[in-house]
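The structure appears right after this line, and notes come after that.
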Amino acid sequence: MTLPKDDAPASTAKSQEGITAGIGELRGPKGDALASWSVTINRPHGDLYTFFHDFAHLPQIMDNVDHVEVIDALRSHWVVKAPAGHLVEWDAIITEEKEGELIAWTSIEGADIAHAGRITFQDAGARGTVVTATIAYHPPGGLLGKTIAKLFQREPEIQVRRDLRRFKQLMETGEIATNARTTKQFDEEMA
Amino acid sequence: MRALTWHGKHDVRVETVDDPEIINPRDAIIKITSTAICGSDLHLYDGFIPTMKAGDILGHEFMGEVVETGVKSTLKKGQRVVVPFTIACGSCYHCGKHQYSACDNGNPADNQDLGMELYGQPMSGLFGYSHLTGGYAGGQAEYVRVPFSDTGPIVIPDGLDDDEVLFLSDILPTGWQAAENADIEPGDTVAVWGCGPVGLFAVQSAFLMGAQRVIAIDHFPHRLELAKKFGAETINFEESKTYEALMAMTGGIGPDAVIDAVGLEAHGFFVDNVIDQIKASTFLGTDRPHSIRQAILACRKGGRVSMPAVYGGFVDKFPLGAFMEKGLTLKTGQTSVQHYMPALLNAVIEKKIDTTFLISHRLGLEEAAQGYKMFHDNQNEVTKVVLKPGLAPTPAGKESRHV
Ligand SMILES: NC(=O)c1ccc[n+]([C@@H]2O[C@H](COP(=O)([O-])OP(=O)(O)OC[C@H]3O[C@@H](n4cnc5c(N)ncnc54)[C@H](O)[C@@H]3O)[C@@H](O)[C@H]2O)c1
Ligand SMILES: [Zn+2]
Ligand SMILES: [Zn+2]
């Protein structure tokens with residue numbers, strides 16, 4: 001007998017079965033781990049969607065992404081910083097998009113870092129927009145997982161959280177908060 | 001520039017460091033004219049606050065002259081401003097509700113993780129107060145970089161001295177918010193634990209809000225004397241039994257509202273990663289009464305508890321039963337300074353609130369380390385130390401070294 005499922009997101013499931021169900025909603029190569037986080041941003045969902053939809057903007061908020069080349073309406077090439085000054089690259093393709101609401105993508109077969117992701121923009125009335133990012137990946141342990149952990153130098157979940165906070169800061173305040181006192185310190189932190 | 005930097009427990013030094021620069025469009029650079037040492041700084045000085053790094057510049061109570069502005073700053077060079085110690089963006093949901101000390105965006109993204117782990121939600125950004133609250137350089141220096149300068153700093157009209165307005169940066173709004181959080185009704189008796197700057201401003205504010213009686217508790221005669229000057233009755237906890245005195249002085253009812261303006265120095269500060277150090281060095285070693293515990297026990301049934309005092313982690317033996325059974329209400333938090341600044345500036349201009357009485361020592365920035373030691377070692381006479389970067393070491397300053 002299966003019990004009725006609660007309303008909590010799949011990424012918070014205690015069982016692998018629950019997590020797998022969540023991963024099943026994403027299209028593309030999937031690991032068996034799910035990282036997800038939400039922030040509420042005090043801006044209309046259309047504005048947030050427009051910013052995010054141009055992937056070339058994303059290095060501004062994703063501190064491990066060096067740059068993104070937009071190839072065409074669906075495909076993009078990602079260059080990501082790895083430890084010791086190395087770069088890792090992959091191609092991604094958009095698998096689903098709904099104007100103002102949702103963008104989903106996946107890495108193209110053969111990518112070093114195979115993953116699938118989705119970001120949703122949900123109108124939250126006077127509070128703005130709830131933005132939820134979800135990434136399916138291989139957890140550290142497997143070969144792929146080890147590469148991911150090494151690449152991000154931290155849990156993907158923490159990376160997603162930090163990137164979303166920067167997205168919120170940029171959209172709400174027009175800048176990204178930094179404690180750097182001098183431009184030299186700032187450049188060192190950005191490198 | 002010269003700046004007061006933290007190096008460890010009871011080790012602060014004035015050193016030469018790089019000048020701050022404009023980084024973000026809304027930034028401004030302020031040339032400091034006055035900056036104070038706060039009771040909260042003593043928590044750093046005593047090594048109770050985790051996530052400090054050697055070389056961090058301290059100071060969250062400061063004011064000065066605008067010398068540089070980012071393209072989106074609304075300040076103008078030459079303006080005199082007081083800067084709130086809370087770094088708030090002015091545009092997030094919390095800032096919209098004037099809960100500035102809960103701003104979502106003041107704390108850099110990477111610094112928010114630890115607060116998230118400790119408290120469930122990250123803390124906002126503060127100047128000069130550990131990396132948990134952003135790792136921002138503070139204002140006990142010649143210059144400081146001020147983010148969100150278009151919403152935080154308040155411009156000071158001509159004709160007001162630094163000493164009159166400096167405390168708008170923290171302790172005056174903090175004392176005021178403490179009294180406001182006590183939901184004072186006309187005729188109330190309010191008890192205040194701690195006659196430091198925060199407690200003394202809470203005493204003044206409580207009377208302005210209609211309290212009939214204020215009872216101030218401390219063990220430093222000089223500080224109790226200051227509370228008395230503002231009309232408070234006093235209890236010296238070394239001479240009298242605080243709970244018994246409060247019951248006797250309120251006809252057996254207990255104070256209608258209680259304010260804890262003491263904080264973690266009296267009781268120990270528990271964060272997982274420092275718990276052992278604290279237990280060894282302070283908590284078990286102190287026999288000071290626990291002010292928040294005492295405040296809750298003394299408070300009348302259905303009364304209000306206001307807690308401006310800073311706590312960091314977990315407190316042992318918190319009287320949750322008394323709190324519930326008596327139906328008390330607790331309000332607390334870092335102060336939403338930006339919310340109170342304009343009205344309190346007017347109160348200062350109209351001379352409704354006295355601020356300068358508090359300052360016992362004025363020193364040059366070069367004497368800052370000495371200022372910490374004095375404030376730490378001799379709290380009876382040293383009620384507030386103000387550092388003035390322009391001030392050359394004075395004979396008075398030198399003398400106070402021997403206090
Ligand atoms: N909420 C905020 O935003 C905010 C802002 C500023 C300061 N603070 C906090 O407020 C507290 C007070 O600050 P301050 O600058 O006035 O500090 P302070 O150290 O100058 O004053 C504390 C006073 O409490 C007295 N005291 C100690 N133990 C006591 C006890 N058991 N009973 C009664 N009195 C006792 C001390 O003798 C001292 O006079 C600190 O914890 C500080 O960190 C909070
Ligand atoms: Zn302070
Ligand atoms: Zn804000």
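Following the order of the structure tokens, first chain is A, next is B, and so on, with residues numbered from 1 inside each chain and ligands from 1 in the order they appear.
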**Message:** If we count only C-alpha atoms and set the cut-off at 8 Å, which residues sit around stretch 181-193 of chain B, ignoring sequence neighbours fewer than 4 positions away in its own chain? Please answer as a ChimeraX atom specification.
**Reply:** /B:177,199,202-203,206,209-218,250,255-262,291,295,304-306,331-332
Just want the 10 Å neighbourhood of A:Glu89, counted on only C-alpha atoms, with same-chain residues fewer than 6 positions away dropped. Output as a PDB file with C-alpha atoms, in the first residue's frame.
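Dumped to around03.pdb:
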ATOM      1  CA  VAL A  65      31.164  30.066 -13.990  1.00  0.00           C
ATOM      2  CA  ASP A  66      33.820  31.829 -16.073  1.00  0.00           C
ATOM      3  CA  HIS A  67      31.601  32.570 -19.068  1.00  0.00           C
ATOM      4  CA  VAL A  68      28.725  31.202 -21.114  1.00  0.00           C
ATOM      5  CA  HIS A  77      28.530  26.472 -24.153  1.00  0.00           C
ATOM      6  CA  TRP A  78      29.631  26.702 -20.493  1.00  0.00           C
ATOM      7  CA  VAL A  79      33.159  27.368 -19.276  1.00  0.00           C
ATOM      8  CA  VAL A  80      33.495  26.727 -15.577  1.00  0.00           C
ATOM      9  CA  LYS A  81      36.386  27.402 -13.210  1.00  0.00           C
ATOM     10  CA  ALA A  82      38.004  24.367 -11.602  1.00  0.00           C
ATOM     11  CA  ALA A 111      29.793  16.397 -21.086  1.00  0.00           C
ATOM     12  CA  ASP A 112      32.369  16.138 -18.294  1.00  0.00           C
ATOM     13  CA  ILE A 113      29.771  17.191 -15.809  1.00  0.00           C
TER      14      ILE A 113
END
Closest pair table for chain B residues within 8 Å of ligand 1, only C-alpha atoms and all ligand atoms, as CSV:
residue,atom,partner,partner_atom_place_in_ligand_line,distance
B:Cys38,CA,ligand 1,15 (O),4.8
B:Gly39,CA,ligand 1,15 (O),3.3
B:Ser40,CA,ligand 1,43 (O),3.5
B:Asp41,CA,ligand 1,43 (O),7.3
B:Leu42,CA,ligand 1,19 (O),7.1
B:His43,CA,ligand 1,43 (O),6.9
B:Asp170,CA,ligand 1,5 (C),5.8
B:Ile171,CA,ligand 1,6 (C),5.3
B:Thr174,CA,ligand 1,5 (C),5.3
B:Ala178,CA,ligand 1,1 (N),7.9
B:Val192,CA,ligand 1,33 (C),7.9
B:Trp193,CA,ligand 1,33 (C),4.3
B:Gly194,CA,ligand 1,24 (O),3.4
B:Cys195,CA,ligand 1,39 (O),4.7
B:Gly196,CA,ligand 1,16 (O),3.4
B:Pro197,CA,ligand 1,16 (O),3.9
B:Val198,CA,ligand 1,16 (O),3.9
B:Gly199,CA,ligand 1,16 (O),5.5
B:Leu200,CA,ligand 1,16 (O),7.4
B:Ile217,CA,ligand 1,33 (C),4.9
B:Asp218,CA,ligand 1,34 (N),3.8
B:His219,CA,ligand 1,37 (O),5.5
B:Phe220,CA,ligand 1,37 (O),5.8
B:Arg223,CA,ligand 1,39 (O),6.5
B:Phe237,CA,ligand 1,32 (N),6.7
B:Asp260,CA,ligand 1,11 (C),7.9
B:Ala261,CA,ligand 1,12 (C),4.7
B:Val262,CA,ligand 1,24 (O),4.1
B:Gly263,CA,ligand 1,41 (O),3.5
B:Leu264,CA,ligand 1,41 (O),5.8
B:Glu265,CA,ligand 1,41 (O),6.9
B:Ala266,CA,ligand 1,28 (N),4.9
B:Arg288,CA,ligand 1,31 (N),5.4
B:Pro289,CA,ligand 1,31 (N),4.5
B:His290,CA,ligand 1,31 (N),5.4
B:Ser291,CA,ligand 1,31 (N),4.7
B:Met307,CA,ligand 1,1 (N),7.5
B:Pro308,CA,ligand 1,1 (N),4.1
B:Ala309,CA,ligand 1,10 (O),3.8
B:Val310,CA,ligand 1,41 (O),4.2
B:Tyr311,CA,ligand 1,41 (O),7.1
B:Thr332,CA,ligand 1,1 (N),7.1
B:Gly333,CA,ligand 1,1 (N),5.3
B:Gln334,CA,ligand 1,3 (O),3.4
B:Thr335,CA,ligand 1,3 (O),3.9
B:Ser336,CA,ligand 1,3 (O),7.5
B:Phe375,CA,ligand 1,20 (O),7.9
B:Gln379,CA,ligand 1,39 (O),6.5
B:Asn380,CA,ligand 1,39 (O),7.2
B:Thr383,CA,ligand 1,20 (O),6.5
B:Lys384,CA,ligand 1,20 (O),7.5
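The space between atom CA of B:Ile37 and atom CA of B:Gly139 spans 10.1 Å.
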Using only C-alpha atoms and all ligand atoms, what does the table of chain B residues within 7 Å of ligand 3 look like, with each row giving the shortest atom pair and its distance in Å to one decimal, sorted by chain and ascending number, as a tab-separated table?
residue	atom	partner	partner_atom_place_in_ligand_line	distance
B:Ala88	CA	ligand 3	1 (Zn)	4.8
B:Cys89	CA	ligand 3	1 (Zn)	3.9
B:Gly90	CA	ligand 3	1 (Zn)	4.7
B:Ser91	CA	ligand 3	1 (Zn)	5.1
B:Cys92	CA	ligand 3	1 (Zn)	4.1
B:Tyr93	CA	ligand 3	1 (Zn)	6.7
B:His94	CA	ligand 3	1 (Zn)	5.8
B:Cys95	CA	ligand 3	1 (Zn)	4.4
B:Tyr100	CA	ligand 3	1 (Zn)	6.3
B:Cys103	CA	ligand 3	1 (Zn)	3.7
B:Asp104	CA	ligand 3	1 (Zn)	5.2
B:Asn105	CA	ligand 3	1 (Zn)	5.3
B:Gly106	CA	ligand 3	1 (Zn)	6.6
Output the selection as a PDB file, in the first residue's frame - N, CA and C atoms for each residue.
ATOM      1  N   ALA B  88      21.943  47.593   5.582  1.00  0.00           N
ATOM      2  CA  ALA B  88      20.661  47.187   5.014  1.00  0.00           C
ATOM      3  C   ALA B  88      20.460  47.806   3.638  1.00  0.00           C
ATOM      4  N   CYS B  89      19.815  47.021   2.734  1.00  0.00           N
ATOM      5  CA  CYS B  89      19.734  47.413   1.322  1.00  0.00           C
ATOM      6  C   CYS B  89      18.630  48.407   1.039  1.00  0.00           C
ATOM      7  N   GLY B  90      17.583  48.412   1.877  1.00  0.00           N
ATOM      8  CA  GLY B  90      16.479  49.340   1.651  1.00  0.00           C
ATOM      9  C   GLY B  90      15.458  48.854   0.641  1.00  0.00           C
ATOM     10  N   SER B  91      15.710  47.714  -0.020  1.00  0.00           N
ATOM     11  CA  SER B  91      14.767  47.314  -1.068  1.00  0.00           C
ATOM     12  C   SER B  91      14.222  45.891  -0.932  1.00  0.00           C
ATOM     13  N   CYS B  92      14.681  45.123   0.049  1.00  0.00           N
ATOM     14  CA  CYS B  92      14.149  43.767   0.198  1.00  0.00           C
ATOM     15  C   CYS B  92      12.844  43.805   1.008  1.00  0.00           C
ATOM     16  N   TYR B  93      12.218  42.670   1.150  1.00  0.00           N
ATOM     17  CA  TYR B  93      10.952  42.575   1.881  1.00  0.00           C
ATOM     18  C   TYR B  93      11.092  43.103   3.309  1.00  0.00           C
ATOM     19  N   HIS B  94      12.157  42.691   4.004  1.00  0.00           N
ATOM     20  CA  HIS B  94      12.328  43.102   5.398  1.00  0.00           C
ATOM     21  C   HIS B  94      12.568  44.603   5.516  1.00  0.00           C
ATOM     22  N   CYS B  95      13.398  45.148   4.635  1.00  0.00           N
ATOM     23  CA  CYS B  95      13.635  46.596   4.663  1.00  0.00           C
ATOM     24  C   CYS B  95      12.325  47.335   4.397  1.00  0.00           C
ATOM     25  N   TYR B 100      15.069  46.573   9.381  1.00  0.00           N
ATOM     26  CA  TYR B 100      16.359  46.731   8.700  1.00  0.00           C
ATOM     27  C   TYR B 100      17.402  45.739   9.192  1.00  0.00           C
ATOM     28  N   CYS B 103      17.630  42.614   7.175  1.00  0.00           N
ATOM     29  CA  CYS B 103      17.815  42.754   5.721  1.00  0.00           C
ATOM     30  C   CYS B 103      18.400  41.472   5.122  1.00  0.00           C
ATOM     31  N   ASP B 104      17.828  41.061   3.978  1.00  0.00           N
ATOM     32  CA  ASP B 104      18.291  39.836   3.310  1.00  0.00           C
ATOM     33  C   ASP B 104      19.610  40.028   2.577  1.00  0.00           C
ATOM     34  N   ASN B 105      19.939  41.250   2.214  1.00  0.00           N
ATOM     35  CA  ASN B 105      20.986  41.444   1.208  1.00  0.00           C
ATOM     36  C   ASN B 105      22.278  42.082   1.704  1.00  0.00           C
ATOM     37  N   GLY B 106      22.328  42.521   2.949  1.00  0.00           N
ATOM     38  CA  GLY B 106      23.526  43.203   3.432  1.00  0.00           C
ATOM     39  C   GLY B 106      24.707  42.263   3.608  1.00  0.00           C
TER      40      GLY B 106
END
**Item:** Expected answer as number ranges by chain: chain A residues within 12 Å of chain B, only C-alpha atoms
**Value:** A: 39-43, 61-63, 124-129, 154-155, 157-187, 189
**Message:** Taking only chain A into account, list the residues labelled alpha helix (DSSP H) by DSSP (computed from the backbone), as a VMD selection string.
**Reply:** chain A and resid 16 to 24 45 to 53 143 to 152 156 to 173 183 to 190
**Surrounding residues of stretch 94-102 of chain A excluding itself and chain neighbours under 5 positions, 12 Å, only C-alpha atoms, as a PyMOL selection string** = chain A and resi 25-29+44-55+70-77+107-108+116-123+129-134
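With distances restricted to only C-alpha atoms and all ligand atoms, B:Val385 is the closest residue to ligand 2 from B:Ala54, B:Val385, B:Ala392, B:Met247.
Listed by chain and then by rising number, the residues of stretch 71-141 of chain B that DSSP assigns to strand (DSSP E or B) from the backbone are Arg80, Val81, Val82, Val83, Thr86, Ile87, Gly125, Leu126, Phe127, Tyr136 and Ala141 of chain B.
The space between atom CA of B:Glu68 and atom CA of B:Ala28 spans 5.6 Å.
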At a cut-off of 12 Å, using only C-alpha atoms, what residues contact A:Lys5? Leave out same-chain residues fewer than 3 positions from it and give the result as an mmCIF file with N, CA and C atoms, in the first residue's frame.
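And here's selection14.cif as it stands now:
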data_model
loop_
_atom_site.group_PDB
_atom_site.id
_atom_site.type_symbol
_atom_site.label_atom_id
_atom_site.label_comp_id
_atom_site.auth_asym_id
_atom_site.auth_seq_id
_atom_site.Cartn_x
_atom_site.Cartn_y
_atom_site.Cartn_z
ATOM 1 N N THR A 2 0.649 2.156 -0.927
ATOM 2 C CA THR A 2 1.414 3.406 -0.889
ATOM 3 C C THR A 2 0.589 4.474 -0.192
ATOM 4 N N ALA A 8 5.454 18.414 0.506
ATOM 5 C CA ALA A 8 6.834 18.923 0.522
ATOM 6 C C ALA A 8 7.543 18.570 -0.783
ATOM 7 N N PRO A 9 8.453 19.441 -1.248
ATOM 8 C CA PRO A 9 9.175 19.169 -2.494
ATOM 9 C C PRO A 9 9.993 17.876 -2.415
ATOM 10 N N ALA A 10 10.156 17.237 -3.561
ATOM 11 C CA ALA A 10 10.865 15.955 -3.615
ATOM 12 C C ALA A 10 12.294 16.072 -3.095
ATOM 13 N N ALA A 13 12.780 14.924 0.402
ATOM 14 C CA ALA A 13 12.364 13.566 0.783
ATOM 15 C C ALA A 13 13.455 12.885 1.599
ATOM 16 N N GLU A 17 13.617 6.831 -2.707
ATOM 17 C CA GLU A 17 12.460 6.668 -3.591
ATOM 18 C C GLU A 17 11.825 8.029 -3.889
ATOM 19 N N GLY A 18 11.677 8.835 -2.832
ATOM 20 C CA GLY A 18 11.086 10.165 -2.993
ATOM 21 C C GLY A 18 11.964 11.055 -3.854
ATOM 22 N N ALA A 21 11.810 10.125 -7.467
ATOM 23 C CA ALA A 21 10.590 10.623 -8.100
ATOM 24 C C ALA A 21 10.796 12.068 -8.557
#
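For the set B:His60, B:Lys317, B:Arg362, B:Lys301, the residue with the smallest atom-to-atom gap to ligand 2 is B:His60, counting only C-alpha atoms and all ligand atoms.
Coordinates place atom CA of B:Met52 at a distance of 25.1 Å from atom CA of B:Val82.
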